[in-house]
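S.K.: My structure is in query.tsv, and what it holds is TSV, C-alpha atoms and all ligand atoms:
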chain	number	residue	atom	x	y	z
A	228	MET	CA	-31.39	-29.88	-53.90
A	229	SER	CA	-32.85	-33.15	-52.66
A	230	ALA	CA	-36.35	-34.41	-53.41
A	231	GLU	CA	-36.73	-35.00	-49.68
A	232	GLU	CA	-35.99	-31.32	-48.87
A	233	ILE	CA	-38.43	-30.14	-51.56
A	234	ARG	CA	-41.08	-32.48	-50.14
A	235	LYS	CA	-40.49	-31.10	-46.63
A	236	VAL	CA	-40.76	-27.49	-47.84
A	237	ALA	CA	-44.02	-28.31	-49.65
A	238	GLU	CA	-45.37	-29.82	-46.41
A	239	ILE	CA	-44.48	-26.67	-44.46
A	240	ILE	CA	-46.18	-24.49	-47.08
A	241	LEU	CA	-49.31	-26.67	-47.01
A	242	ASP	CA	-49.42	-26.55	-43.19
A	243	ALA	CA	-48.76	-22.81	-42.90
A	244	ASN	CA	-51.64	-20.48	-42.09
A	245	PHE	CA	-49.84	-17.27	-43.03
A	246	LEU	CA	-46.82	-17.73	-45.33
A	247	ILE	CA	-44.91	-14.65	-46.44
A	248	ALA	CA	-41.77	-14.26	-48.55
A	249	LEU	CA	-38.77	-11.97	-48.29
A	250	THR	CA	-36.71	-11.57	-51.46
A	251	GLY	CA	-33.41	-9.92	-52.30
A	252	ALA	CA	-31.28	-9.30	-55.36
A	253	GLY	CA	-30.54	-13.01	-55.79
A	254	ILE	CA	-33.99	-13.71	-57.19
A	255	SER	CA	-33.35	-11.25	-60.04
A	256	ALA	CA	-29.80	-12.49	-60.74
A	257	GLU	CA	-31.11	-15.07	-63.26
A	258	SER	CA	-32.85	-12.21	-65.07
A	259	GLY	CA	-29.47	-10.60	-65.68
A	260	ILE	CA	-29.71	-7.98	-62.93
A	261	PRO	CA	-26.48	-7.89	-60.90
A	262	THR	CA	-26.58	-8.53	-57.15
A	263	PHE	CA	-24.81	-6.19	-54.74
A	264	ARG	CA	-22.62	-8.68	-52.84
A	265	GLY	CA	-21.04	-12.05	-53.66
A	266	LYS	CA	-19.53	-12.98	-57.03
A	267	ASN	CA	-19.77	-10.07	-59.57
A	268	GLY	CA	-21.67	-8.03	-56.97
A	269	LEU	CA	-22.04	-4.31	-57.72
A	270	TRP	CA	-20.36	-3.36	-54.46
A	271	ASN	CA	-17.23	-5.21	-55.62
A	272	LYS	CA	-16.92	-2.74	-58.51
A	273	TYR	CA	-18.57	0.44	-57.22
A	274	ARG	CA	-18.46	2.20	-53.83
A	275	PRO	CA	-21.99	2.54	-52.37
A	276	GLU	CA	-21.00	5.77	-50.62
A	277	GLU	CA	-20.29	7.28	-54.04
A	278	LEU	CA	-23.54	6.20	-55.67
A	279	ALA	CA	-26.25	5.26	-53.19
A	280	THR	CA	-26.30	7.92	-50.47
A	281	PRO	CA	-27.95	11.38	-50.22
A	282	GLN	CA	-24.44	12.87	-49.79
A	283	ALA	CA	-23.27	11.27	-53.06
A	284	PHE	CA	-26.29	12.69	-54.88
A	285	LYS	CA	-25.67	16.18	-53.45
A	286	ARG	CA	-21.99	15.96	-54.37
A	287	ASP	CA	-22.39	14.63	-57.91
A	288	PRO	CA	-25.99	14.13	-59.18
A	289	ILE	CA	-24.73	13.48	-62.71
A	290	LYS	CA	-22.52	10.56	-61.63
A	291	VAL	CA	-25.34	9.08	-59.54
A	292	TRP	CA	-27.87	9.47	-62.37
A	293	GLU	CA	-25.51	7.93	-64.91
A	294	TRP	CA	-25.27	4.82	-62.69
A	295	TYR	CA	-29.03	4.69	-62.15
A	296	ARG	CA	-29.68	5.23	-65.89
A	297	TRP	CA	-27.53	2.15	-66.56
A	298	ARG	CA	-29.43	0.12	-63.94
A	299	ILE	CA	-32.85	1.37	-65.20
A	300	GLY	CA	-31.82	0.15	-68.65
A	301	LEU	CA	-30.99	-3.29	-67.24
A	302	VAL	CA	-34.34	-3.53	-65.43
A	303	LEU	CA	-36.36	-2.43	-68.49
A	304	LYS	CA	-34.58	-5.01	-70.65
A	305	ALA	CA	-34.86	-7.81	-68.05
A	306	LYS	CA	-37.65	-10.39	-67.95
A	307	PRO	CA	-39.12	-12.12	-64.89
A	308	ASN	CA	-37.43	-15.53	-64.45
A	309	PRO	CA	-38.99	-18.84	-63.29
A	310	GLY	CA	-38.28	-17.84	-59.67
A	311	HIS	CA	-40.42	-14.69	-59.91
A	312	ILE	CA	-43.10	-16.63	-61.78
A	313	ALA	CA	-43.17	-19.41	-59.18
A	314	LEU	CA	-43.71	-16.91	-56.34
A	315	ALA	CA	-46.59	-15.32	-58.29
A	316	GLU	CA	-48.02	-18.83	-58.75
A	317	LEU	CA	-47.65	-19.51	-55.00
A	318	GLU	CA	-49.78	-16.41	-54.34
A	319	LYS	CA	-52.32	-17.34	-57.03
A	320	LEU	CA	-52.68	-20.84	-55.48
A	321	GLY	CA	-53.51	-19.10	-52.20
A	322	PHE	CA	-50.42	-20.26	-50.28
A	323	LEU	CA	-48.41	-17.00	-50.27
A	324	LYS	CA	-50.14	-14.13	-48.47
A	325	ALA	CA	-47.62	-11.40	-49.36
A	326	LEU	CA	-44.16	-10.81	-50.75
A	327	ILE	CA	-41.80	-8.34	-49.11
A	328	THR	CA	-38.95	-7.38	-51.40
A	329	GLN	CA	-35.73	-5.39	-51.03
A	330	ASN	CA	-35.48	-5.24	-54.83
A	331	VAL	CA	-36.18	-2.01	-56.66
A	332	ASP	CA	-36.89	-3.74	-59.98
A	333	ASP	CA	-40.46	-4.51	-61.09
A	334	LEU	CA	-39.97	-8.18	-61.95
A	335	HIS	CA	-42.22	-9.55	-59.17
A	336	GLU	CA	-45.04	-7.31	-60.40
A	337	ARG	CA	-44.41	-8.22	-64.04
A	338	ALA	CA	-44.44	-11.92	-63.08
A	339	GLY	CA	-47.95	-11.43	-61.69
A	340	SER	CA	-47.35	-11.06	-57.93
A	341	ARG	CA	-50.11	-8.82	-56.55
A	342	ARG	CA	-49.30	-8.15	-52.90
A	343	VAL	CA	-45.73	-6.84	-53.18
A	344	ILE	CA	-44.29	-4.63	-50.46
A	345	LYS	CA	-41.27	-2.72	-51.82
A	346	LEU	CA	-39.12	-1.83	-48.81
A	347	HIS	CA	-36.40	-0.05	-50.80
A	348	GLY	CA	-38.48	1.82	-53.38
A	349	ASN	CA	-38.76	1.51	-57.15
A	350	ILE	CA	-35.87	2.26	-59.54
A	351	LEU	CA	-38.32	2.97	-62.39
A	352	GLU	CA	-39.72	5.92	-60.44
A	353	ALA	CA	-38.19	9.34	-59.74
A	354	ARG	CA	-39.37	12.14	-57.47
A	355	CYS	CA	-38.64	15.85	-57.18
A	356	ILE	CA	-36.30	16.81	-54.34
A	357	ASN	CA	-38.37	19.92	-53.77
A	358	CYS	CA	-42.07	19.41	-54.60
A	359	GLU	CA	-44.56	16.48	-54.74
A	360	TYR	CA	-43.89	15.71	-58.41
A	361	LYS	CA	-43.25	12.01	-59.22
A	362	THR	CA	-42.74	10.21	-62.50
A	363	LYS	CA	-42.27	6.66	-63.83
A	364	PHE	CA	-39.70	5.80	-66.53
A	365	SER	CA	-40.76	3.66	-69.49
A	366	GLU	CA	-37.26	4.21	-70.91
A	367	PRO	CA	-33.98	5.37	-69.34
A	368	PRO	CA	-34.01	9.17	-68.76
A	369	ARG	CA	-32.44	11.06	-71.69
A	370	GLU	CA	-31.61	14.26	-69.77
A	371	ILE	CA	-29.15	13.70	-66.89
A	372	PRO	CA	-29.84	14.83	-64.19
A	373	PRO	CA	-33.60	14.92	-64.98
A	374	LYS	CA	-35.36	18.10	-63.86
A	375	CYS	CA	-38.80	18.57	-62.33
A	376	PRO	CA	-41.24	19.92	-64.98
A	377	VAL	CA	-43.20	21.69	-62.23
A	378	CYS	CA	-40.52	23.54	-60.24
A	379	SER	CA	-37.30	22.82	-62.24
A	380	SER	CA	-35.52	21.28	-59.23
A	381	LEU	CA	-33.60	18.02	-59.59
A	382	LEU	CA	-35.40	14.69	-59.72
A	383	ARG	CA	-33.90	11.81	-57.71
A	384	PRO	CA	-34.41	8.04	-58.01
A	385	ASN	CA	-37.37	6.96	-55.86
A	386	VAL	CA	-35.24	4.40	-54.00
A	387	VAL	CA	-33.96	4.16	-50.42
A	388	TRP	CA	-30.28	5.08	-50.13
A	389	PHE	CA	-28.00	4.12	-47.27
A	390	ASN	CA	-28.66	6.24	-44.14
A	391	GLU	CA	-32.21	6.98	-45.35
A	392	PRO	CA	-35.49	5.95	-43.73
A	393	LEU	CA	-37.63	3.33	-45.47
A	394	PRO	CA	-41.02	4.34	-46.94
A	395	GLU	CA	-43.29	4.46	-43.88
A	396	GLU	CA	-46.30	2.70	-45.41
A	397	ALA	CA	-44.19	-0.16	-46.79
A	398	LEU	CA	-42.34	-0.60	-43.49
A	399	ARG	CA	-45.56	-0.59	-41.48
A	400	GLU	CA	-47.15	-3.17	-43.78
A	401	ALA	CA	-44.01	-5.36	-43.77
A	402	LEU	CA	-43.89	-5.36	-39.97
A	403	SER	CA	-47.57	-6.23	-39.58
A	404	LEU	CA	-47.17	-9.10	-42.06
A	405	THR	CA	-44.05	-10.28	-40.19
A	406	TYR	CA	-46.00	-10.43	-36.92
A	407	ARG	CA	-48.78	-12.46	-38.58
A	408	ALA	CA	-46.47	-14.91	-40.37
A	409	ASP	CA	-46.11	-18.48	-39.14
A	410	ALA	CA	-43.74	-19.31	-42.01
A	411	ILE	CA	-41.41	-17.33	-44.25
A	412	LEU	CA	-39.63	-18.13	-47.53
A	413	VAL	CA	-36.36	-16.14	-47.66
A	414	VAL	CA	-35.06	-16.03	-51.23
A	415	GLY	CA	-31.82	-14.57	-52.59
A	416	THR	CA	-30.77	-12.17	-49.86
A	417	SER	CA	-27.48	-11.85	-47.99
A	418	GLY	CA	-29.56	-10.68	-45.02
A	419	VAL	CA	-27.02	-8.04	-44.00
A	420	VAL	CA	-29.12	-4.90	-44.58
A	421	MET	CA	-31.55	-3.83	-41.86
A	422	PRO	CA	-34.41	-3.69	-41.12
A	423	ALA	CA	-35.22	-6.20	-43.93
A	424	GLY	CA	-32.59	-8.64	-42.64
A	425	ALA	CA	-34.30	-8.75	-39.23
A	426	ILE	CA	-37.64	-9.99	-40.63
A	427	PRO	CA	-36.74	-13.72	-40.69
A	428	PHE	CA	-35.39	-13.47	-37.13
A	429	THR	CA	-38.68	-11.99	-35.93
A	430	VAL	CA	-40.69	-14.78	-37.61
A	431	LYS	CA	-38.38	-17.32	-35.95
A	432	GLU	CA	-38.59	-15.69	-32.50
A	433	ARG	CA	-42.38	-15.86	-32.71
A	434	GLY	CA	-42.28	-19.60	-33.37
A	435	GLY	CA	-42.54	-19.40	-37.17
A	436	VAL	CA	-40.73	-21.66	-39.65
A	437	VAL	CA	-37.91	-20.14	-41.75
A	438	ILE	CA	-37.05	-21.61	-45.16
A	439	GLU	CA	-34.10	-20.17	-47.10
A	440	ILE	CA	-33.32	-20.50	-50.80
A	441	ASN	CA	-29.85	-19.27	-51.72
A	442	ILE	CA	-26.84	-20.36	-53.77
A	443	SER	CA	-24.64	-19.80	-50.71
A	444	GLU	CA	-24.98	-19.27	-46.95
A	445	SER	CA	-26.15	-15.87	-45.73
A	446	ALA	CA	-26.58	-14.01	-42.42
A	447	ILE	CA	-29.97	-15.71	-42.14
A	448	THR	CA	-28.74	-19.28	-42.61
A	449	PRO	CA	-27.78	-19.86	-38.94
A	450	ILE	CA	-31.44	-19.62	-37.89
A	451	VAL	CA	-33.24	-21.31	-40.77
A	452	ASP	CA	-35.22	-24.54	-40.38
A	453	ILE	CA	-34.53	-25.62	-43.96
A	454	PHE	CA	-31.74	-24.32	-46.23
A	455	LEU	CA	-32.25	-25.16	-49.92
A	456	ARG	CA	-28.93	-24.51	-51.63
A	457	GLY	CA	-29.39	-23.63	-55.30
A	458	PRO	CA	-30.69	-21.04	-57.76
A	459	ALA	CA	-34.14	-19.63	-57.03
A	460	GLY	CA	-35.08	-20.07	-60.70
A	461	LYS	CA	-34.72	-23.82	-60.26
A	462	LEU	CA	-35.79	-24.47	-56.65
A	463	LEU	CA	-38.98	-22.40	-56.56
A	464	PRO	CA	-40.52	-24.10	-59.63
A	465	ALA	CA	-39.61	-27.49	-58.07
A	466	ILE	CA	-41.56	-26.52	-54.94
A	467	ILE	CA	-44.58	-25.48	-57.03
A	468	GLU	CA	-44.40	-28.82	-58.89
A	469	GLU	CA	-44.37	-30.72	-55.58
A	470	LEU	CA	-47.33	-28.69	-54.29
A	471	ARG	CA	-49.30	-29.41	-57.45
A	472	LYS	CA	-48.87	-33.14	-56.78
A	473	LYS	CA	-50.41	-32.79	-53.33
A	474	TYR	CA	-52.86	-30.03	-53.91
B	1	LIG	N1	-30.69	-17.78	-56.51
B	1	LIG	C1	-30.75	-17.57	-55.16
B	1	LIG	N2	-29.91	-16.76	-54.49
B	1	LIG	C2	-28.96	-16.12	-55.23
B	1	LIG	C3	-28.83	-16.28	-56.62
B	1	LIG	C4	-29.75	-17.15	-57.26
B	1	LIG	N3	-29.70	-17.38	-58.59
B	1	LIG	N4	-27.78	-15.51	-57.05
B	1	LIG	C5	-27.30	-14.89	-55.96
B	1	LIG	N5	-27.99	-15.26	-54.86
B	1	LIG	C6	-27.83	-14.79	-53.49
B	1	LIG	C7	-26.41	-14.50	-53.05
B	1	LIG	O1	-25.80	-15.69	-52.54
B	1	LIG	C8	-26.64	-13.47	-51.93
B	1	LIG	O2	-26.85	-14.11	-50.68
B	1	LIG	O3	-28.51	-13.55	-53.41
B	1	LIG	C9	-27.94	-12.78	-52.35
B	1	LIG	C10	-27.73	-11.36	-52.87
B	1	LIG	O4	-27.27	-10.59	-51.77
B	1	LIG	P1	-27.09	-9.03	-51.98
B	1	LIG	O5	-26.40	-8.77	-53.27
B	1	LIG	O6	-26.51	-8.50	-50.70
B	1	LIG	O7	-28.57	-8.49	-52.16
B	1	LIG	P2	-29.62	-8.12	-51.04
B	1	LIG	O8	-29.54	-9.07	-49.91
B	1	LIG	O9	-30.92	-7.97	-51.74
B	1	LIG	O10	-29.10	-6.67	-50.58
B	1	LIG	C11	-29.93	-5.96	-49.70
B	1	LIG	O11	-28.45	-4.06	-49.94
B	1	LIG	O12	-27.22	-2.60	-51.24
B	1	LIG	C12	-28.41	-2.78	-50.58
B	1	LIG	O13	-30.43	-1.71	-51.11
B	1	LIG	C13	-29.57	-2.73	-51.54
B	1	LIG	O14	-31.66	-3.96	-51.45
B	1	LIG	C14	-30.25	-4.09	-51.38
B	1	LIG	C15	-29.80	-4.50	-49.99
Re-express the file's structure as structure tokens.

M.R.:
Amino acid sequence: MSAEEIRKVAEIILDANFLIALTGAGISAESGIPTFRGKNGLWNKYRPEELATPQAFKRDPIKVWEWYRWRIGLVLKAKPNPGHIALAELEKLGFLKALITQNVDDLHERAGSRRVIKLHGNILEARCINCEYKTKFSEPPREIPPKCPVCSSLLRPNVVWFNEPLPEEALREALSLTYRADAILVVGTSGVVMPAGAIPFTVKERGGVVIEINISESAITPIVDIFLRGPAGKLLPAIIEELRKKY
């Protein structure tokens, strides 16, 4: 990270009329929540098709719920890190209009971000596979698989699995924000999962500026205007500090 790059990013943020952010698992890595790809990524140890698809859930709901119970426990124990806090600050200072996240944890919300669009759902929520019942976990579910108290069908995690559509409202909002953005901060995503991964490309195509914060290159890096290599928990606070000098 060079002071010059941080200065340039602060300039872009100050000049932007409609800055949005897109985050991925990398921003929660420093809170102890494993990423999916890269070093120690979950998909190096587990097979997504066995744990994160509707077919897997149909085949073995207990195995899927045991994995989600473990991840729910990690999220409930985790704390927002300086990266989450800096993005909430950026919104509070009026620079960040909205934050689109692929993450299913609640760390952006707990850090104080208000306008958070959750493209892939919320791991702390579960919904009935049969009726409208929904619930929110304040602790990992004891009974596996949890059952609906209304109709006794199975509950499922309220997250988007592979081969599933994204929540309509969240997708619609994310797309309208993408079309309004003249700058985007892309933080901690490999950029390989669609449609989230296409968002920075759309901002770029429409003449917007793309800034990426990542510890390594991603599928987005080829099109970014500035690539800040380093941990989000370090780089985002440095950007806030630079903005405070100017602002
Ligand atoms: N700071 C910044 N970036 C980091 C950090 C960090 N401390 N640690 C890891 N990264 C980067 C990695 O280099 C990688 O590019 O975060 C990215 C994490 O990539 P993925 O694990 O693929 O996570 P993500 O891009 O969010 O995955 C998208 O895939 O499995 C699905 O639904 C799941 O939402 C997820 C989607």

S.K.: Compute the set of protein, DNA and RNA residues whose minimum atom distance to ligand LIG 1 (chain B) is at most 9 Å, using all atoms listed in the file, and state it as a VMD selection string.

M.R.: chain A and resid 250 to 258 261 to 266 268 to 270 275 279 310 328 to 331 346 to 347 386 to 389 414 to 421 423 to 424 440 to 446 456 to 462

S.K.: Go ahead and compute the interatomic distance for CA of Lys363 in chain A and CA of Arg296 in chain A, in Å to one decimal.

M.R.: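 Straight-line distance from CA of Lys363 in chain A to CA of Arg296 in chain A works out to 12.8 Å.
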
S.K.: As a ChimeraX atom specification, please: the residues near Pro449 in chain A (cut-off 12 Å, all atoms listed in the file, same-chain neighbours under 2 positions excluded).

M.R.: /A:418,427-428,431,437-439,444-447,451-454

S.K.: Tell me, in Å to one decimal, how far CA of Arg341 in chain A is from CA of Thr448 in chain A.

M.R.: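 If I compute the distance from CA of Arg341 in chain A to CA of Thr448 in chain A, I get 27.6 Å.
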
S.K.: Would you mind reading off the distance between CA of Ala408 in chain A and CA of Ile247 in chain A, one decimal, in Å?

M.R.: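 Between these atoms lies a distance of 6.3 Å.
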
S.K.: Give me the residues within 12 Å of range 281-292 of chain A as a PDB file with C-alpha atoms, in the coordinates of the input, counting all atoms listed in the file and dropping any in the same chain fewer than 3 places off.

M.R.:
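File produced: around.pdb:
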ATOM      1  CA  TYR A 273     -18.570   0.440 -57.220  1.00  0.00           C
ATOM      2  CA  ARG A 274     -18.460   2.200 -53.830  1.00  0.00           C
ATOM      3  CA  PRO A 275     -21.990   2.540 -52.370  1.00  0.00           C
ATOM      4  CA  GLU A 276     -21.000   5.770 -50.620  1.00  0.00           C
ATOM      5  CA  GLU A 277     -20.290   7.280 -54.040  1.00  0.00           C
ATOM      6  CA  LEU A 278     -23.540   6.200 -55.670  1.00  0.00           C
ATOM      7  CA  TYR A 295     -29.030   4.690 -62.150  1.00  0.00           C
ATOM      8  CA  ARG A 296     -29.680   5.230 -65.890  1.00  0.00           C
ATOM      9  CA  TRP A 297     -27.530   2.150 -66.560  1.00  0.00           C
ATOM     10  CA  ARG A 298     -29.430   0.120 -63.940  1.00  0.00           C
ATOM     11  CA  ILE A 299     -32.850   1.370 -65.200  1.00  0.00           C
ATOM     12  CA  GLY A 300     -31.820   0.150 -68.650  1.00  0.00           C
ATOM     13  CA  ILE A 350     -35.870   2.260 -59.540  1.00  0.00           C
ATOM     14  CA  ALA A 353     -38.190   9.340 -59.740  1.00  0.00           C
ATOM     15  CA  ILE A 356     -36.300  16.810 -54.340  1.00  0.00           C
ATOM     16  CA  PRO A 367     -33.980   5.370 -69.340  1.00  0.00           C
ATOM     17  CA  PRO A 368     -34.010   9.170 -68.760  1.00  0.00           C
ATOM     18  CA  ARG A 369     -32.440  11.060 -71.690  1.00  0.00           C
ATOM     19  CA  GLU A 370     -31.610  14.260 -69.770  1.00  0.00           C
ATOM     20  CA  ILE A 371     -29.150  13.700 -66.890  1.00  0.00           C
ATOM     21  CA  PRO A 372     -29.840  14.830 -64.190  1.00  0.00           C
ATOM     22  CA  PRO A 373     -33.600  14.920 -64.980  1.00  0.00           C
ATOM     23  CA  LYS A 374     -35.360  18.100 -63.860  1.00  0.00           C
ATOM     24  CA  SER A 380     -35.520  21.280 -59.230  1.00  0.00           C
ATOM     25  CA  LEU A 381     -33.600  18.020 -59.590  1.00  0.00           C
ATOM     26  CA  LEU A 382     -35.400  14.690 -59.720  1.00  0.00           C
ATOM     27  CA  ARG A 383     -33.900  11.810 -57.710  1.00  0.00           C
ATOM     28  CA  PRO A 384     -34.410   8.040 -58.010  1.00  0.00           C
ATOM     29  CA  ASN A 385     -37.370   6.960 -55.860  1.00  0.00           C
ATOM     30  CA  VAL A 386     -35.240   4.400 -54.000  1.00  0.00           C
ATOM     31  CA  VAL A 387     -33.960   4.160 -50.420  1.00  0.00           C
ATOM     32  CA  TRP A 388     -30.280   5.080 -50.130  1.00  0.00           C
ATOM     33  CA  PHE A 389     -28.000   4.120 -47.270  1.00  0.00           C
ATOM     34  CA  ASN A 390     -28.660   6.240 -44.140  1.00  0.00           C
ATOM     35  CA  GLU A 391     -32.210   6.980 -45.350  1.00  0.00           C
ATOM     36  CA  PRO A 392     -35.490   5.950 -43.730  1.00  0.00           C
TER      37      PRO A 392
END

S.K.: So which residues touch range 315-323 of chain A within 12 Å, counting all atoms listed in the file, skipping near sequence neighbours fewer than 5 positions away, as JSON, numbers by chain?

M.R.: {"A": [237, 238, 239, 240, 241, 242, 243, 244, 245, 246, 247, 248, 249, 307, 308, 309, 310, 334, 335, 336, 337, 338, 339, 340, 341, 342, 343, 404, 408, 409, 410, 411, 412, 463, 464, 465, 466, 467, 468, 469, 470, 471, 474]}

S.K.: Would you please work out which residue, of A:Thr429, A:Arg354, A:Ser229, A:Glu396, is nearest to Pro376 in chain A when using all atoms listed in the file?

M.R.: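 So, comparing all the options, the nearest one is A:Arg354.
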
S.K.: Would you mind writing range 276-296 of chain A with N, CA, C and O atoms, as a PDB file, in the coordinates of the input?

M.R.:
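Contents of rebuild02.pdb, as written:
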ATOM      1  N   GLU A 276     -20.974   4.388 -51.142  1.00  0.00           N
ATOM      2  CA  GLU A 276     -21.000   5.770 -50.620  1.00  0.00           C
ATOM      3  C   GLU A 276     -20.837   6.794 -51.735  1.00  0.00           C
ATOM      4  O   GLU A 276     -21.104   7.972 -51.571  1.00  0.00           O
ATOM      5  N   GLU A 277     -20.422   6.310 -52.934  1.00  0.00           N
ATOM      6  CA  GLU A 277     -20.290   7.280 -54.040  1.00  0.00           C
ATOM      7  C   GLU A 277     -21.515   7.305 -54.935  1.00  0.00           C
ATOM      8  O   GLU A 277     -21.632   8.134 -55.837  1.00  0.00           O
ATOM      9  N   LEU A 278     -22.422   6.316 -54.723  1.00  0.00           N
ATOM     10  CA  LEU A 278     -23.540   6.200 -55.670  1.00  0.00           C
ATOM     11  C   LEU A 278     -24.903   6.054 -55.021  1.00  0.00           C
ATOM     12  O   LEU A 278     -25.920   6.324 -55.663  1.00  0.00           O
ATOM     13  N   ALA A 279     -24.937   5.609 -53.787  1.00  0.00           N
ATOM     14  CA  ALA A 279     -26.250   5.260 -53.190  1.00  0.00           C
ATOM     15  C   ALA A 279     -26.411   5.870 -51.808  1.00  0.00           C
ATOM     16  O   ALA A 279     -26.819   5.210 -50.857  1.00  0.00           O
ATOM     17  N   THR A 280     -26.058   7.179 -51.723  1.00  0.00           N
ATOM     18  CA  THR A 280     -26.300   7.920 -50.470  1.00  0.00           C
ATOM     19  C   THR A 280     -26.774   9.333 -50.848  1.00  0.00           C
ATOM     20  O   THR A 280     -26.451   9.834 -51.936  1.00  0.00           O
ATOM     21  N   PRO A 281     -27.510  10.004 -49.927  1.00  0.00           N
ATOM     22  CA  PRO A 281     -27.950  11.380 -50.220  1.00  0.00           C
ATOM     23  C   PRO A 281     -26.733  12.315 -50.420  1.00  0.00           C
ATOM     24  O   PRO A 281     -26.749  13.208 -51.262  1.00  0.00           O
ATOM     25  N   GLN A 282     -25.663  12.035 -49.679  1.00  0.00           N
ATOM     26  CA  GLN A 282     -24.440  12.870 -49.790  1.00  0.00           C
ATOM     27  C   GLN A 282     -23.851  12.728 -51.206  1.00  0.00           C
ATOM     28  O   GLN A 282     -23.447  13.709 -51.824  1.00  0.00           O
ATOM     29  N   ALA A 283     -23.819  11.496 -51.710  1.00  0.00           N
ATOM     30  CA  ALA A 283     -23.270  11.270 -53.060  1.00  0.00           C
ATOM     31  C   ALA A 283     -24.086  12.040 -54.087  1.00  0.00           C
ATOM     32  O   ALA A 283     -23.548  12.661 -55.010  1.00  0.00           O
ATOM     33  N   PHE A 284     -25.409  12.024 -53.906  1.00  0.00           N
ATOM     34  CA  PHE A 284     -26.290  12.690 -54.880  1.00  0.00           C
ATOM     35  C   PHE A 284     -26.073  14.208 -54.834  1.00  0.00           C
ATOM     36  O   PHE A 284     -25.997  14.875 -55.868  1.00  0.00           O
ATOM     37  N   LYS A 285     -25.903  14.732 -53.627  1.00  0.00           N
ATOM     38  CA  LYS A 285     -25.670  16.180 -53.450  1.00  0.00           C
ATOM     39  C   LYS A 285     -24.334  16.567 -54.101  1.00  0.00           C
ATOM     40  O   LYS A 285     -24.232  17.544 -54.822  1.00  0.00           O
ATOM     41  N   ARG A 286     -23.359  15.684 -53.902  1.00  0.00           N
ATOM     42  CA  ARG A 286     -21.990  15.960 -54.370  1.00  0.00           C
ATOM     43  C   ARG A 286     -21.929  15.867 -55.895  1.00  0.00           C
ATOM     44  O   ARG A 286     -21.391  16.737 -56.551  1.00  0.00           O
ATOM     45  N   ASP A 287     -22.544  14.849 -56.462  1.00  0.00           N
ATOM     46  CA  ASP A 287     -22.390  14.630 -57.910  1.00  0.00           C
ATOM     47  C   ASP A 287     -23.619  13.938 -58.506  1.00  0.00           C
ATOM     48  O   ASP A 287     -23.590  12.744 -58.804  1.00  0.00           O
ATOM     49  N   PRO A 288     -24.733  14.725 -58.671  1.00  0.00           N
ATOM     50  CA  PRO A 288     -25.990  14.130 -59.180  1.00  0.00           C
ATOM     51  C   PRO A 288     -25.827  13.494 -60.556  1.00  0.00           C
ATOM     52  O   PRO A 288     -26.489  12.508 -60.868  1.00  0.00           O
ATOM     53  N   ILE A 289     -24.901  14.042 -61.361  1.00  0.00           N
ATOM     54  CA  ILE A 289     -24.730  13.480 -62.710  1.00  0.00           C
ATOM     55  C   ILE A 289     -24.163  12.064 -62.627  1.00  0.00           C
ATOM     56  O   ILE A 289     -24.659  11.121 -63.232  1.00  0.00           O
ATOM     57  N   LYS A 290     -23.152  11.896 -61.781  1.00  0.00           N
ATOM     58  CA  LYS A 290     -22.520  10.560 -61.630  1.00  0.00           C
ATOM     59  C   LYS A 290     -23.541   9.552 -61.091  1.00  0.00           C
ATOM     60  O   LYS A 290     -23.667   8.430 -61.592  1.00  0.00           O
ATOM     61  N   VAL A 291     -24.328   9.978 -60.115  1.00  0.00           N
ATOM     62  CA  VAL A 291     -25.340   9.080 -59.540  1.00  0.00           C
ATOM     63  C   VAL A 291     -26.387   8.736 -60.602  1.00  0.00           C
ATOM     64  O   VAL A 291     -26.702   7.566 -60.813  1.00  0.00           O
ATOM     65  N   TRP A 292     -26.843   9.747 -61.353  1.00  0.00           N
ATOM     66  CA  TRP A 292     -27.870   9.470 -62.370  1.00  0.00           C
ATOM     67  C   TRP A 292     -27.326   8.615 -63.515  1.00  0.00           C
ATOM     68  O   TRP A 292     -28.032   7.781 -64.078  1.00  0.00           O
ATOM     69  N   GLU A 293     -26.058   8.767 -63.837  1.00  0.00           N
ATOM     70  CA  GLU A 293     -25.510   7.930 -64.910  1.00  0.00           C
ATOM     71  C   GLU A 293     -25.559   6.443 -64.490  1.00  0.00           C
ATOM     72  O   GLU A 293     -25.911   5.562 -65.258  1.00  0.00           O
ATOM     73  N   TRP A 294     -25.251   6.198 -63.202  1.00  0.00           N
ATOM     74  CA  TRP A 294     -25.270   4.820 -62.690  1.00  0.00           C
ATOM     75  C   TRP A 294     -26.702   4.281 -62.656  1.00  0.00           C
ATOM     76  O   TRP A 294     -26.976   3.150 -63.071  1.00  0.00           O
ATOM     77  N   TYR A 295     -27.631   5.148 -62.210  1.00  0.00           N
ATOM     78  CA  TYR A 295     -29.030   4.690 -62.150  1.00  0.00           C
ATOM     79  C   TYR A 295     -29.608   4.531 -63.555  1.00  0.00           C
ATOM     80  O   TYR A 295     -30.392   3.616 -63.814  1.00  0.00           O
ATOM     81  N   ARG A 296     -29.209   5.362 -64.521  1.00  0.00           N
ATOM     82  CA  ARG A 296     -29.680   5.230 -65.890  1.00  0.00           C
ATOM     83  C   ARG A 296     -29.254   3.856 -66.419  1.00  0.00           C
ATOM     84  O   ARG A 296     -30.044   3.147 -67.032  1.00  0.00           O
TER      85      ARG A 296
END
